[in-house]
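One structure is given below, encoded as structure tokens.
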Amino acid sequence: MLKDHENNLYLVYKGESRAVIVRQNGAIGKEAIDELRSRIRKATGADLPVVDAEELERLDVPESHIRILVGPGPMTEAAGIRPADLEKEAYRVAVRDNRLVLTGASNAAILYAVSYFLDESIGVRYLWPGELGTYVPRRDTLELPDMDVTRQPEAEQRRLRTIEKGPEIERWLGVHLMGSRSQFAFGHAFTAWYDKYGKAHPEYFAQPPAGQKQVLSERVKLDLSNEAVDDVIIREWQAAGSPDNWNVSPNDGSGFCISAGCLAMDEPAGQSIDAIWKAEGQLTARYVKFWNRLLGKMRVLNPNVTLSTYAYSSYKEPPPNGLKLKDGMVIGFVHTFQAYEQWQGWHDTVAKLFLRPNWWHSGAIAPNLMLHATGNYFKFAQQHGMIGFDFDSIMGYWGTQGLNYYLIARLSARPELSVDDVIAEYASAFGKAAPIIQDYIGYWERFSEKTAYNVSAGNGVTMDPNGRFETVVRQYDLPGSPLNSGWYTLPYLYTDSVLGEAYALLDRADQTVAGDSDDGAEEVKQRIAFLREGLRHLELTREVIRYGYEKSRPDGATREQFIAKSEELDRYRKEISARHVISYDALLSSEQRRSIPTVLSRTTGWDRTTPGAGGPSGAELDEQFRGL
């Protein structure tokens, strides 16, 4: 035992290392070891040595020093902890005398164990990717805790999709316990069917009403009343080996079947043909009948088979009139964060439920922070049968929307936390400025609630018809699709006065830490600057959109002025992307897919003498995202 404080053991005591990290199995657990060592060094200043298990005895490490056993190996097994005893994705944090065991059933799970230990023992918080986004409270002493915990991530699939790639993004996902042990597959399942079968078998597919064009080939829907479709699905499933799960999620977009057979499957009957085609009908009944019919046939061949599908678009509402799903359906629920009754309705069908939101597509790059609305809904889903989630997507707007991403990641890993707990954790990384940063967060949450962006759920679902967003869209004839509308509304919603109030809060935060000079204070200043850069990026993008979109273009604006603003924005984006304020490549890709006028090639009307006299209407721009 240690001479000073002889009843205690320490990993670090007054900045002095009192532990060694033992590597038992080569590269197994390397990422976890690097993370553990780095965070302890930042917290205490002590650099814990890493030694191979076979060298430990030769090095004559004092018995008073803690052996930190990361991952499986002989010493971990000697402590009575074997990988075979852990379920898939499970991890173990346990203290045995002078040994701290951090292990798991895989490399990912070993990192989960380290993340849990750093969370509990030091209070490490991973706010956004990179060193600046990793908050490590300073201390000079780290005592060996009394701990024996075996955990497994609650949800069997935890996916936050990312457009941005790279080691810092992957680390951020890993320490937040993202991963999967699920067998269930989702995704629009029939995107290749029209090209594959359309010429020989047009009867398999939905046909457009008179005067309408067929939708894009990857979005063409099936004629669910044609049981020959069942035969092809079953044939493809059997060719894949008749696995225990098969994905039958309908294709995205509009163009739903209007054949007499499909219409006969609908409840309520008599819906508008045009509304059905344009994804504005109520089509859950026809899909439930189709899924039940298909599942019945497939279970004759494999009694264990399950079918995965989205509840989305025109079929996102729960089954009507007591219509039940057969056992074996797995539903990926795509709706708003107000859809409590709808989630409960699907839960009551005894289907397995995955949460599959598009919430983070709303608002473009702006600080759209519906924190309590989304966080409380996520917690409701956790408590009402959610077995997994798949968020589309982390768009990489960390300087304005990063708290959205952190909130869901944190509630997933630590479901006992409240939304307010997570907001307080985030703000705590700003030291003495934390109360002002909470005010800053609150300012944007209140603004977001009053703005009430619509949400993508196969089509745009209105959150509040009288909210700022819907009001501006109607007043100025702007696009209303959640996938592109956020950009076009920037000049109308994020005025200088709105941004000025937010900047003023960050100015107050700066003043709070202005006289501090220690390392922690310097990081706080940089984090405040990080948020400020998010606002500046919003401001520059707003002006490029204002000039780029013909309807909002100022009188007398010139092509040359637009080019100068666009180039300034591009330079700024490259600069701040290195700090993860935004993801440069992901942002450019997103704007290109949505034809956002941030570059000259996507602008119109420079040859017009009257600004705003021409150019596409909001409705015309929306058509690009409906598959028509």
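Chain labels follow the order of the structure tokens: the first chain is A, the next B, and so on; residue numbering restarts at 1 in every chain, and ligands are counted from 1 in their shown order.
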
Shell around range 513-524 of chain A at 6 Å using only C-alpha atoms, local window under 3 positions removed, as a short mmCIF file (atom, residue, chain, number, x, y, z; two decimals) with N, CA, C and O atoms, in the first residue's frame:
data_model
loop_
_atom_site.label_atom_id
_atom_site.label_comp_id
_atom_site.auth_asym_id
_atom_site.auth_seq_id
_atom_site.Cartn_x
_atom_site.Cartn_y
_atom_site.Cartn_z
N PHE A 430 -17.71 25.13 -20.60
CA PHE A 430 -17.40 26.55 -20.81
C PHE A 430 -17.03 27.23 -19.50
O PHE A 430 -17.02 28.46 -19.41
N ASP A 510 -17.43 35.82 -23.38
CA ASP A 510 -16.01 36.19 -23.53
C ASP A 510 -15.54 37.06 -22.37
O ASP A 510 -14.44 36.87 -21.83
N ARG A 527 -13.67 27.52 -27.18
CA ARG A 527 -15.01 26.94 -27.38
C ARG A 527 -16.05 28.04 -27.66
O ARG A 527 -16.96 27.85 -28.46
#

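The list of residues with at least one atom within 8 Å of Leu407 in chain A, based on only C-alpha atoms and without residues fewer than 3 positions apart in the same chain, reads Leu371, Gly375, Leu403, Asn404, Arg410, Leu411, Val419, Val422 and Ile423 of chain A.
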
Each residue of range 322-408 of chain A lying at most 8 Å from range 437-460 of chain A should get a row with its shortest atom-to-atom pair and the distance in Å to one decimal, counting only C-alpha atoms; could you produce that, ordered by chain and increasing number, as CSV?
residue,atom,partner,partner_atom,distance
A:Val334,CA,A:Ala457,CA,5.6
A:His335,CA,A:Ala457,CA,5.1
A:Thr336,CA,A:Val455,CA,6.3
A:Pro357,CA,A:Ala457,CA,7.6
A:Asn358,CA,A:Ser456,CA,5.7
A:Trp359,CA,A:Val455,CA,5.9
A:His361,CA,A:Ser456,CA,7.3
A:Ser362,CA,A:Val455,CA,6.1
A:Gly363,CA,A:Tyr453,CA,6.5
A:Pro367,CA,A:Trp444,CA,6.4
A:Asn368,CA,A:Ser448,CA,5.3
A:Leu369,CA,A:Glu445,CA,5.0
A:Met370,CA,A:Glu445,CA,5.8
A:Leu371,CA,A:Glu445,CA,6.8

| request: Write out as JSON, numbers by chain the residues lying within 9 Å of range 40-44 of chain A, counting only C-alpha atoms and excluding same-chain residues fewer than 3 positions away. | output: {"A": [12, 13, 14, 15, 16, 35, 36, 37, 47, 48, 118, 122, 124, 136, 137, 138, 139, 140, 141, 142]}

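Closest approach to Ala264 in chain A among A:Leu111, A:Ala19, A:Ala285, A:Leu621 is made by A:Ala285 (distances from only C-alpha atoms).
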
| task | Name all residues at most 7 Å from Ile110 in chain A (count only C-alpha atoms; drop same-chain ones fewer than 3 positions away) and give them as a list in words. | result | Gly29, Ala32, Gly71, Tyr91, Leu102, Thr103, Gly104, Ser106, Asn107, Ala113 and Val114 of chain A

Store the residues picked out above in a file with N, CA, C and O atoms, as a compact mmCIF listing (two decimals), in the first residue's frame.
# COMPACT_ATOMS: atom_id res chain seq x y z
N GLY A 29 -7.58 -3.69 -28.34
CA GLY A 29 -7.77 -2.63 -27.35
C GLY A 29 -6.86 -1.43 -27.53
O GLY A 29 -6.83 -0.55 -26.67
N ALA A 32 -8.63 1.92 -27.38
CA ALA A 32 -9.09 2.18 -26.01
C ALA A 32 -7.92 2.61 -25.12
O ALA A 32 -8.05 3.52 -24.29
N GLY A 71 -8.81 -4.77 -22.04
CA GLY A 71 -9.12 -5.84 -22.97
C GLY A 71 -8.90 -7.21 -22.37
O GLY A 71 -8.48 -7.36 -21.22
N TYR A 91 -19.71 -4.73 -21.94
CA TYR A 91 -18.41 -4.31 -21.44
C TYR A 91 -18.41 -4.39 -19.92
O TYR A 91 -19.45 -4.38 -19.27
N LEU A 102 -10.71 -3.11 -17.63
CA LEU A 102 -11.56 -2.42 -18.60
C LEU A 102 -11.61 -3.31 -19.84
O LEU A 102 -10.65 -3.36 -20.62
N THR A 103 -12.69 -4.03 -20.02
CA THR A 103 -12.71 -5.02 -21.09
C THR A 103 -14.09 -5.10 -21.72
O THR A 103 -15.06 -4.52 -21.21
N GLY A 104 -14.16 -5.84 -22.83
CA GLY A 104 -15.42 -5.99 -23.53
C GLY A 104 -15.35 -7.14 -24.51
O GLY A 104 -14.29 -7.75 -24.71
N SER A 106 -15.55 -7.04 -27.70
CA SER A 106 -14.97 -6.67 -28.98
C SER A 106 -14.12 -5.42 -28.77
O SER A 106 -14.16 -4.81 -27.69
N ASN A 107 -13.37 -5.03 -29.80
CA ASN A 107 -12.62 -3.78 -29.70
C ASN A 107 -13.53 -2.61 -29.41
O ASN A 107 -13.19 -1.72 -28.62
N ALA A 113 -16.01 0.44 -22.53
CA ALA A 113 -15.61 0.32 -21.12
C ALA A 113 -14.75 1.50 -20.69
O ALA A 113 -14.95 2.08 -19.61
N VAL A 114 -13.79 1.88 -21.52
CA VAL A 114 -12.93 3.03 -21.22
C VAL A 114 -13.76 4.30 -21.15
O VAL A 114 -13.59 5.14 -20.25

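Between CA of Lys88 in chain A and CA of Gly174 in chain A there is a distance of 15.4 Å.
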
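Considering the residues A:Trp606, A:Tyr405, A:Phe378, A:Tyr549 and counting only C-alpha atoms, His176 in chain A has its shortest atom-to-atom contact with A:Tyr405.
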
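Coordinates place CA of Ala366 in chain A at a distance of 15.5 Å from CA of Ala586 in chain A.
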
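Across the structure, CA of Ile66 in chain A and CA of Thr134 in chain A are spaced 25.5 Å apart.
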
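Distances here use only C-alpha atoms; by that measure, the residue among A:Leu224, A:Ala78, A:Val581, A:Ala502 closest to Met265 in chain A is A:Leu224.
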
| Residues of range 355-448 of chain A in helix (DSSP H, G or I) according to DSSP, as an NGL selection string? | :A and (359-361 or 371-383 or 398-413 or 419-428 or 431-448)

Neighbouring residues of range 219-223 of chain A were defined as those with any atom within 7 Å, considering only C-alpha atoms; residues of the same chain fewer than 2 positions away were excluded. Please report them as a compact mmCIF listing (two decimals) with all heavy atoms, in the first residue's frame.
# COMPACT_ATOMS: atom_id res chain seq x y z
N THR A 191 -35.29 -0.25 -55.00
CA THR A 191 -34.80 0.83 -55.86
C THR A 191 -34.30 0.32 -57.21
O THR A 191 -34.26 1.08 -58.18
CB THR A 191 -33.67 1.60 -55.16
OG1 THR A 191 -32.64 0.68 -54.77
CG2 THR A 191 -34.19 2.32 -53.91
N TYR A 194 -37.41 -1.46 -60.84
CA TYR A 194 -38.01 -0.94 -62.07
C TYR A 194 -37.08 -1.14 -63.26
O TYR A 194 -37.51 -1.55 -64.34
CB TYR A 194 -38.37 0.53 -61.91
CG TYR A 194 -39.31 1.05 -62.99
CD1 TYR A 194 -40.62 0.60 -63.07
CD2 TYR A 194 -38.86 1.99 -63.92
CE1 TYR A 194 -41.48 1.08 -64.05
CE2 TYR A 194 -39.72 2.47 -64.90
CZ TYR A 194 -41.02 2.01 -64.96
OH TYR A 194 -41.87 2.48 -65.94
N TYR A 204 -46.06 -5.17 -62.34
CA TYR A 204 -45.58 -5.20 -60.96
C TYR A 204 -45.61 -3.81 -60.30
O TYR A 204 -45.51 -3.71 -59.08
CB TYR A 204 -44.11 -5.66 -60.91
CG TYR A 204 -43.82 -7.09 -61.27
CD1 TYR A 204 -42.50 -7.52 -61.41
CD2 TYR A 204 -44.83 -8.03 -61.48
CE1 TYR A 204 -42.20 -8.84 -61.74
CE2 TYR A 204 -44.55 -9.33 -61.82
CZ TYR A 204 -43.22 -9.73 -61.95
OH TYR A 204 -42.91 -11.03 -62.28
N PHE A 205 -45.76 -2.77 -61.09
CA PHE A 205 -45.46 -1.42 -60.62
C PHE A 205 -46.66 -0.48 -60.68
O PHE A 205 -47.58 -0.67 -61.49
CB PHE A 205 -44.31 -0.83 -61.43
CG PHE A 205 -43.06 -1.65 -61.36
CD1 PHE A 205 -42.75 -2.56 -62.37
CD2 PHE A 205 -42.22 -1.56 -60.26
CE1 PHE A 205 -41.61 -3.33 -62.30
CE2 PHE A 205 -41.07 -2.33 -60.18
CZ PHE A 205 -40.76 -3.22 -61.19
N ALA A 206 -46.60 0.51 -59.81
CA ALA A 206 -47.59 1.59 -59.83
C ALA A 206 -47.48 2.37 -61.14
O ALA A 206 -46.37 2.69 -61.59
CB ALA A 206 -47.37 2.52 -58.65
N VAL A 215 -42.46 8.49 -61.85
CA VAL A 215 -41.43 9.05 -60.98
C VAL A 215 -40.08 8.45 -61.35
O VAL A 215 -39.97 7.57 -62.20
CB VAL A 215 -41.76 8.77 -59.50
CG1 VAL A 215 -43.06 9.45 -59.10
CG2 VAL A 215 -41.83 7.27 -59.21
N LEU A 216 -39.02 8.94 -60.71
CA LEU A 216 -37.67 8.42 -60.96
C LEU A 216 -37.65 6.91 -60.74
O LEU A 216 -38.33 6.39 -59.84
CB LEU A 216 -36.67 9.11 -60.04
CG LEU A 216 -36.57 10.64 -60.17
CD1 LEU A 216 -35.67 11.19 -59.06
CD2 LEU A 216 -36.04 11.03 -61.53
N SER A 217 -36.84 6.21 -61.51
CA SER A 217 -36.88 4.75 -61.49
C SER A 217 -36.63 4.17 -60.11
O SER A 217 -37.26 3.17 -59.72
CB SER A 217 -35.87 4.18 -62.49
OG SER A 217 -34.55 4.52 -62.13
N SER A 225 -51.39 -4.98 -54.89
CA SER A 225 -52.51 -5.90 -55.07
C SER A 225 -52.14 -7.07 -55.98
O SER A 225 -52.89 -8.05 -56.07
CB SER A 225 -53.71 -5.16 -55.68
OG SER A 225 -53.44 -4.72 -57.01
N ASN A 226 -51.00 -7.01 -56.63
CA ASN A 226 -50.56 -8.05 -57.56
C ASN A 226 -49.72 -9.07 -56.80
O ASN A 226 -48.56 -8.79 -56.45
CB ASN A 226 -49.77 -7.42 -58.70
CG ASN A 226 -49.37 -8.43 -59.76
OD1 ASN A 226 -49.56 -9.64 -59.60
ND2 ASN A 226 -48.80 -7.94 -60.86
N PRO A 250 -40.71 0.17 -48.60
CA PRO A 250 -41.05 0.77 -49.90
C PRO A 250 -40.03 1.82 -50.32
O PRO A 250 -39.29 2.37 -49.50
CB PRO A 250 -42.42 1.42 -49.64
CG PRO A 250 -42.99 0.66 -48.48
CD PRO A 250 -41.80 0.31 -47.63
N ASN A 251 -40.02 2.13 -51.60
CA ASN A 251 -39.13 3.16 -52.13
C ASN A 251 -39.54 4.54 -51.64
O ASN A 251 -40.70 4.77 -51.26
CB ASN A 251 -39.11 3.12 -53.65
CG ASN A 251 -38.39 1.90 -54.20
OD1 ASN A 251 -37.64 1.24 -53.48
ND2 ASN A 251 -38.63 1.58 -55.46
N ASP A 252 -38.61 5.45 -51.69
CA ASP A 252 -38.83 6.81 -51.22
C ASP A 252 -39.67 7.60 -52.23
O ASP A 252 -39.89 7.18 -53.37
CB ASP A 252 -37.47 7.48 -51.03
CG ASP A 252 -37.49 8.62 -50.03
OD1 ASP A 252 -38.59 8.99 -49.57
OD2 ASP A 252 -36.42 9.15 -49.70
N GLY A 253 -40.11 8.79 -51.80
CA GLY A 253 -40.76 9.72 -52.71
C GLY A 253 -42.23 9.42 -52.94
O GLY A 253 -42.88 8.68 -52.19
N GLY A 255 -45.58 8.81 -56.01
CA GLY A 255 -45.86 7.83 -57.06
C GLY A 255 -46.47 6.55 -56.54
O GLY A 255 -46.14 5.45 -57.00
N PHE A 256 -47.41 6.66 -55.59
CA PHE A 256 -48.02 5.46 -55.00
C PHE A 256 -49.08 4.88 -55.93
O PHE A 256 -49.72 5.57 -56.73
CB PHE A 256 -48.61 5.78 -53.63
CG PHE A 256 -47.55 5.97 -52.57
CD1 PHE A 256 -47.01 7.22 -52.32
CD2 PHE A 256 -47.08 4.89 -51.85
CE1 PHE A 256 -46.03 7.40 -51.36
CE2 PHE A 256 -46.10 5.05 -50.89
CZ PHE A 256 -45.57 6.30 -50.65
N CYS A 257 -49.28 3.59 -55.77
CA CYS A 257 -50.14 2.82 -56.66
C CYS A 257 -51.60 3.31 -56.61
O CYS A 257 -52.15 3.53 -55.53
CB CYS A 257 -50.08 1.35 -56.26
SG CYS A 257 -51.15 0.27 -57.21
N CYS A 262 -55.15 -1.83 -55.63
CA CYS A 262 -54.55 -1.09 -54.52
C CYS A 262 -55.60 -0.25 -53.81
O CYS A 262 -55.64 -0.20 -52.57
CB CYS A 262 -53.42 -0.20 -55.03
SG CYS A 262 -51.89 -1.08 -55.43
N GLY A 627 -39.75 13.49 -56.36
CA GLY A 627 -39.61 12.41 -57.33
C GLY A 627 -40.47 12.58 -58.54
O GLY A 627 -40.71 11.61 -59.29

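Residues surrounding Tyr492 in chain A within 10 Å are A:Arg468, A:Phe469, A:Val472, A:Val473, A:Tyr476, A:Tyr488, A:Arg542, A:Arg546, A:Ser552 [only C-alpha atoms; sequence separation below 4 positions excluded].
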
| What's the 12 Å shell around Arg161 in chain A, counting only C-alpha atoms, without same-chain residues fewer than 6 positions away, as a PyMOL selection string? | chain A and resi 169-170+173+178-179+356-358+360-361+389-396+405+409
